[in-house]
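Enquirer: Sharing coords-v6.cif (mmCIF, C-alpha atoms, pLDDT in the B column; chains and numbers go by the auth columns) below.
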data_model
loop_
_atom_site.group_PDB
_atom_site.id
_atom_site.type_symbol
_atom_site.label_atom_id
_atom_site.label_comp_id
_atom_site.label_asym_id
_atom_site.label_seq_id
_atom_site.Cartn_x
_atom_site.Cartn_y
_atom_site.Cartn_z
_atom_site.B_iso_or_equiv
_atom_site.auth_seq_id
_atom_site.auth_asym_id
ATOM 1 C CA MET A 1 -52.604 83.533 40.903 51.00 1 A
ATOM 2 C CA SER A 2 -55.395 83.817 43.441 60.00 2 A
ATOM 3 C CA ALA A 3 -53.635 85.361 46.453 70.00 3 A
ATOM 4 C CA THR A 4 -52.015 88.772 46.527 78.00 4 A
ATOM 5 C CA PHE A 5 -48.766 89.070 48.417 81.00 5 A
ATOM 6 C CA GLU A 6 -46.108 91.696 48.886 87.00 6 A
ATOM 7 C CA VAL A 7 -42.350 91.305 49.213 91.00 7 A
ATOM 8 C CA GLU A 8 -39.422 93.694 49.278 93.00 8 A
ATOM 9 C CA SER A 9 -35.855 93.663 48.057 93.00 9 A
ATOM 10 C CA THR A 10 -32.983 96.107 48.476 94.00 10 A
ATOM 11 C CA LEU A 11 -31.372 98.088 45.673 93.00 11 A
ATOM 12 C CA THR A 12 -27.566 98.008 45.821 93.00 12 A
ATOM 13 C CA ASP A 13 -25.204 100.889 45.106 93.00 13 A
ATOM 14 C CA ARG A 14 -24.997 99.545 41.544 91.00 14 A
ATOM 15 C CA TYR A 15 -28.802 99.590 41.165 92.00 15 A
ATOM 16 C CA GLN A 16 -29.056 95.798 41.339 92.00 16 A
ATOM 17 C CA THR A 17 -31.395 93.653 43.390 92.00 17 A
ATOM 18 C CA THR A 18 -32.180 90.012 44.033 92.00 18 A
ATOM 19 C CA VAL A 19 -35.592 88.869 42.866 93.00 19 A
ATOM 20 C CA PRO A 20 -37.238 87.450 45.995 93.00 20 A
ATOM 21 C CA GLU A 21 -37.860 83.704 46.042 93.00 21 A
ATOM 22 C CA THR A 22 -41.637 84.094 46.165 91.00 22 A
ATOM 23 C CA VAL A 23 -41.549 86.220 43.005 92.00 23 A
ATOM 24 C CA ARG A 24 -39.191 83.768 41.255 92.00 24 A
ATOM 25 C CA ARG A 25 -41.557 80.913 42.061 91.00 25 A
ATOM 26 C CA ALA A 26 -44.649 82.849 40.994 91.00 26 A
ATOM 27 C CA LEU A 27 -43.063 83.754 37.636 92.00 27 A
ATOM 28 C CA ARG A 28 -41.356 80.346 37.267 90.00 28 A
ATOM 29 C CA LEU A 29 -37.997 82.087 36.835 91.00 29 A
ATOM 30 C CA GLY A 30 -34.788 80.149 36.486 88.00 30 A
ATOM 31 C CA LYS A 31 -31.190 81.180 36.111 87.00 31 A
ATOM 32 C CA ARG A 32 -30.547 83.337 33.030 85.00 32 A
ATOM 33 C CA ASP A 33 -34.286 83.879 32.388 88.00 33 A
ATOM 34 C CA LYS A 34 -35.322 87.322 31.218 89.00 34 A
ATOM 35 C CA ILE A 35 -37.778 89.608 33.002 92.00 35 A
ATOM 36 C CA HIS A 36 -40.068 92.059 31.187 91.00 36 A
ATOM 37 C CA TYR A 37 -40.999 95.315 32.947 92.00 37 A
ATOM 38 C CA THR A 38 -44.218 97.185 32.162 91.00 38 A
ATOM 39 C CA VAL A 39 -44.311 100.685 33.661 91.00 39 A
ATOM 40 C CA ARG A 40 -47.852 102.017 33.924 90.00 40 A
ATOM 41 C CA PRO A 41 -48.720 105.742 33.951 89.00 41 A
ATOM 42 C CA SER A 42 -49.566 105.450 37.660 92.00 42 A
ATOM 43 C CA GLY A 43 -45.949 104.449 38.393 90.00 43 A
ATOM 44 C CA GLU A 44 -46.918 100.846 39.022 91.00 44 A
ATOM 45 C CA VAL A 45 -44.422 98.360 37.550 90.00 45 A
ATOM 46 C CA VAL A 46 -45.485 94.888 36.461 90.00 46 A
ATOM 47 C CA LEU A 47 -42.893 92.120 36.133 91.00 47 A
ATOM 48 C CA THR A 48 -43.497 89.207 33.801 91.00 48 A
ATOM 49 C CA ARG A 49 -41.331 86.351 32.623 91.00 49 A
ATOM 50 C CA VAL A 50 -40.136 86.600 29.027 89.00 50 A
ATOM 51 C CA GLU A 51 -41.021 83.377 27.264 82.00 51 A
ATOM 52 C CA ALA A 52 -38.229 81.866 25.192 72.00 52 A
ATOM 53 C CA SER A 53 -38.847 82.630 21.552 67.00 53 A
ATOM 54 C CA GLY A 54 -36.550 79.992 20.120 61.00 54 A
ATOM 55 C CA VAL A 55 -34.636 82.733 18.317 61.00 55 A
ATOM 56 C CA ASP A 56 -30.894 82.229 18.241 65.00 56 A
ATOM 57 C CA ASP A 57 -28.762 84.522 20.377 73.00 57 A
ATOM 58 C CA PRO A 58 -27.465 87.252 18.018 75.00 58 A
ATOM 59 C CA LEU A 59 -24.188 87.630 19.926 83.00 59 A
ATOM 60 C CA LEU A 60 -23.518 83.910 19.794 82.00 60 A
ATOM 61 C CA GLY A 61 -24.259 83.950 16.065 79.00 61 A
ATOM 62 C CA GLN A 62 -21.796 86.809 15.543 85.00 62 A
ATOM 63 C CA PHE A 63 -19.125 85.013 17.556 89.00 63 A
ATOM 64 C CA LEU A 64 -19.597 81.751 15.663 86.00 64 A
ATOM 65 C CA GLY A 65 -19.439 83.687 12.387 86.00 65 A
ATOM 66 C CA PHE A 66 -16.185 85.284 13.516 91.00 66 A
ATOM 67 C CA LEU A 67 -14.741 81.851 14.336 91.00 67 A
ATOM 68 C CA ALA A 68 -15.798 80.443 10.954 90.00 68 A
ATOM 69 C CA ARG A 69 -14.193 83.376 9.090 90.00 69 A
ATOM 70 C CA ASP A 70 -11.011 83.142 11.159 91.00 70 A
ATOM 71 C CA ILE A 71 -10.704 79.406 10.492 90.00 71 A
ATOM 72 C CA ALA A 72 -11.299 79.972 6.777 89.00 72 A
ATOM 73 C CA ASN A 73 -8.778 82.838 6.607 90.00 73 A
ATOM 74 C CA HIS A 74 -6.105 81.293 8.860 90.00 74 A
ATOM 75 C CA PRO A 75 -6.293 77.488 8.714 88.00 75 A
ATOM 76 C CA GLU A 76 -2.621 77.385 9.698 91.00 76 A
ATOM 77 C CA HIS A 77 -3.658 78.390 13.244 90.00 77 A
ATOM 78 C CA LEU A 78 -5.677 75.205 13.757 89.00 78 A
ATOM 79 C CA GLN A 79 -4.122 72.676 16.114 88.00 79 A
ATOM 80 C CA SER A 80 -5.054 69.105 16.846 88.00 80 A
ATOM 81 C CA VAL A 81 -6.318 68.186 20.296 87.00 81 A
ATOM 82 C CA ASP A 82 -3.727 66.424 22.422 89.00 82 A
ATOM 83 C CA ALA A 83 -4.626 62.761 23.086 90.00 83 A
ATOM 84 C CA ARG A 84 -3.948 63.193 26.824 92.00 84 A
ATOM 85 C CA LEU A 85 -6.514 65.989 26.974 91.00 85 A
ATOM 86 C CA VAL A 86 -9.085 63.780 25.243 88.00 86 A
ATOM 87 C CA GLN A 87 -8.435 60.974 27.759 89.00 87 A
ATOM 88 C CA ARG A 88 -8.740 63.388 30.680 90.00 88 A
ATOM 89 C CA LEU A 89 -12.044 64.734 29.359 87.00 89 A
ATOM 90 C CA GLN A 90 -13.357 61.200 28.895 86.00 90 A
ATOM 91 C CA LEU A 91 -12.488 60.414 32.514 89.00 91 A
ATOM 92 C CA LEU A 92 -14.357 63.515 33.678 89.00 92 A
ATOM 93 C CA VAL A 93 -17.584 62.755 31.836 84.00 93 A
ATOM 94 C CA GLY A 94 -17.524 58.986 32.260 82.00 94 A
ATOM 95 C CA ASP A 95 -20.386 57.233 30.517 81.00 95 A
ATOM 96 C CA ALA A 96 -22.625 60.317 30.446 82.00 96 A
ATOM 97 C CA GLU A 97 -24.869 60.377 27.398 80.00 97 A
ATOM 98 C CA VAL A 98 -25.130 63.738 25.662 76.00 98 A
ATOM 99 C CA ASP A 99 -27.724 64.694 23.060 76.00 99 A
ATOM 100 C CA LEU A 100 -26.188 67.646 21.224 74.00 100 A
ATOM 101 C CA ASP A 101 -29.501 68.329 19.465 75.00 101 A
ATOM 102 C CA SER A 102 -31.583 68.725 22.635 77.00 102 A
ATOM 103 C CA ALA A 103 -32.384 72.179 23.978 75.00 103 A
ATOM 104 C CA LEU A 104 -30.866 73.320 27.262 73.00 104 A
ATOM 105 C CA SER A 105 -33.199 74.297 30.065 70.00 105 A
ATOM 106 C CA ALA A 106 -32.892 75.635 33.582 62.00 106 A
ATOM 107 C CA ASP A 107 -34.331 72.332 34.852 61.00 107 A
ATOM 108 C CA ASP A 108 -31.141 70.512 33.758 50.00 108 A
ATOM 109 C CA GLU A 109 -29.014 72.281 36.375 50.00 109 A
#
Would you encode the structure as structure tokens?
Expert:
Amino acid sequence: MSATFEVESTLTDRYQTTVPETVRRALRLGKRDKIHYTVRPSGEVVLTRVEASGVDDPLLGQFLGFLARDIANHPEHLQSVDARLVQRLQLLVGDAEVDLDSALSADDE
């Protein structure tokens, strides 16, 4: 980045703020991206975008593990999907093609 610029944002009562648009663009931030903070001894704080590591979300993994154990331990709780629901879902998505193996990105929104 060749030019230096300054922007401000306001801290709410809950210590939250909106990252200004110019900063989001400079860091190429999208929804749900993570921000890394480096606090220097001088008190200066540097924000950088956390690059996706490709590591699975540990909470999602725990949840999916819970579901797998629950299904294994209580198969009697499983229910078939109602045909009317399937038809309704098909009407909603139309002929949209979905690749379940492709990674999701903020650009898809």
Enquirer: Atom CA of Thr17 of chain A and atom CA of Thr38 of chain A are how many Å apart?
Expert: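 Computing it gives 17.4 Å between the two atoms.
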Enquirer: Atom CA of Val50 of chain A to atom CA of Arg28 of chain A: how many Å, to one decimal?
Expert: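 Atom-to-atom, atom CA of Val50 of chain A and atom CA of Arg28 of chain A are spaced 10.4 Å apart.
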Enquirer: Any chance you could resolve the PyMOL selection byres ((chain A and resi 30) around 12) against this file and give the residues as a PyMOL selection string?
Expert: chain A and resi 19+21+23-29+31-35+49-52+105-109
Enquirer: One number please: atom CA of His36 of chain A to atom CA of Thr48 of chain A, in Å, one decimal.
Expert: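 Interatomic distance here is 5.2 Å.
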Enquirer: Could you give me the axis-aligned bounding box of segment 30-41 of chain A, with 8 Å of padding per side, as centre plus edge lengths in Å to one decimal, as AutoDock Vina command-line options?
Expert:
--center_x -39.6 --center_y 92.9 --center_z 33.8 --size_x 34.2 --size_y 41.6 --size_z 21.3
